[in-house]
Amino acid sequence: MATVHFLHIRKTGGNALKAALRPVAEEYGLVLHEHATTLSDIKAGEGIAFVVRDPVARFVSGFNSRLRKGQPLRNAKWSDSEAEAFARFKTPNDLAKALTDTELRDLARKAMSDIAHVRTSFADALGSKDYVLERLPDVVWIGRTESLESDFEKLKKRLGLPSAITLPADAVAAHRTPPGFSTELSEIGRKNIAEWYAADRDFVAWLECYR
């Protein structure tokens, strides 16, 4: 079977997807990449698959993931700048609201650039729309976090994978946010984050045409 590379775009469900595919990856020619691998790193002519997500939801998930240092799945220590950000902003909404607060705006913008997961964009992993179009013949599957279970079934059929493999139900293996973390955004917080990630929102909407 031809090689298919799975890009792991941050906070889109990549850990759950890789947990499901890992047992059959070698047999079916699946390469499960880490965050650092981008679309341009994959040789032309080889298959590519990836997942995208609503940028506002991705922000909330990314903030909380770094707030808990990736635990319990892993323990990735904060950078000094992340420690400063989390000392100031305790919840995703605290940071989101502060983006238009005259006193906290500069600190909030710095935090958005300092917190891993939060500071990344889909273009970091995929490049420009023109480049995605250039590589489109290689793209075998684009999933959405919001519909990952049904999309995963489509992926299995497309690649001829065993019907028995499933996404993990275990929250740790799936790297889902544990109970007790704030996930709600206020109206102004949601508006601010939507504006911050306007380019990502446009990118995700555009990719829907090619799913």
# chains A, B, ... in the order shown; residues from 1 in each chain; ligands from 1
>>> closest_atom_pairs(of="stretch 7-53 of chain A", to="stretch 114-129 of chain A", cutoff="10 Å", atoms="only C-alpha atoms", output="Markdown table")
| residue | atom | partner | partner_atom | distance |
| --- | --- | --- | --- | --- |
| A:Leu7 | CA | A:Ala125 | CA | 8.1 |
| A:His8 | CA | A:Ala125 | CA | 8.5 |
| A:Ile9 | CA | A:Ala125 | CA | 6.5 |
| A:Arg10 | CA | A:His117 | CA | 6.0 |
| A:Lys11 | CA | A:His117 | CA | 7.1 |
| A:His35 | CA | A:Ala125 | CA | 8.3 |
| A:Ala36 | CA | A:Ala125 | CA | 8.1 |
| A:Thr37 | CA | A:Ala125 | CA | 7.4 |
| A:Thr38 | CA | A:Ala125 | CA | 4.6 |
| A:Leu39 | CA | A:Leu126 | CA | 5.1 |
| A:Ser40 | CA | A:Leu126 | CA | 7.3 |
| A:Asp41 | CA | A:Ala125 | CA | 9.7 |
| A:Phe50 | CA | A:Leu126 | CA | 9.5 |
| A:Val52 | CA | A:Phe122 | CA | 7.9 |
| A:Arg53 | CA | A:Phe122 | CA | 9.4 |
>>> residues_around(residues="A:Phe6", least_positions_apart="2", cutoff="9 Å", atoms="only C-alpha atoms", output="PyMOL selection string")
chain A and resi 4+8+14+18+30-34+47-51
>>> atom_distance(atom1="atom CA of A:Glu27", atom2="atom CA of A:Thr12")
24.8 Å
>>> closest_residue(among="A:Lys110, A:Glu134, A:Leu99, A:Lys154", to="A:Glu195", atoms="only C-alpha atoms")
A:Leu99
>>> atom_distance(atom1="atom CA of A:Ala108", atom2="atom CA of A:Ala85")
8.0 Å
>>> residues_around(residues="A:Gly45", least_positions_apart="3", cutoff="9 Å", atoms="only C-alpha atoms", output="PDB file with C-alpha atoms, in the first residue's frame")
ATOM      1  CA  ILE A  42       6.144  15.483   2.890  1.00  0.00           C
ATOM      2  CA  ARG A 135      -0.523  19.463  -3.001  1.00  0.00           C
ATOM      3  CA  PRO A 137      -3.635  15.527  -5.431  1.00  0.00           C
ATOM      4  CA  ASP A 138      -1.733  14.025  -2.481  1.00  0.00           C
TER       5      ASP A 138
END
>>> atom_distance(atom1="atom CA of A:Ala96", atom2="atom CA of A:Thr183")
11.6 Å
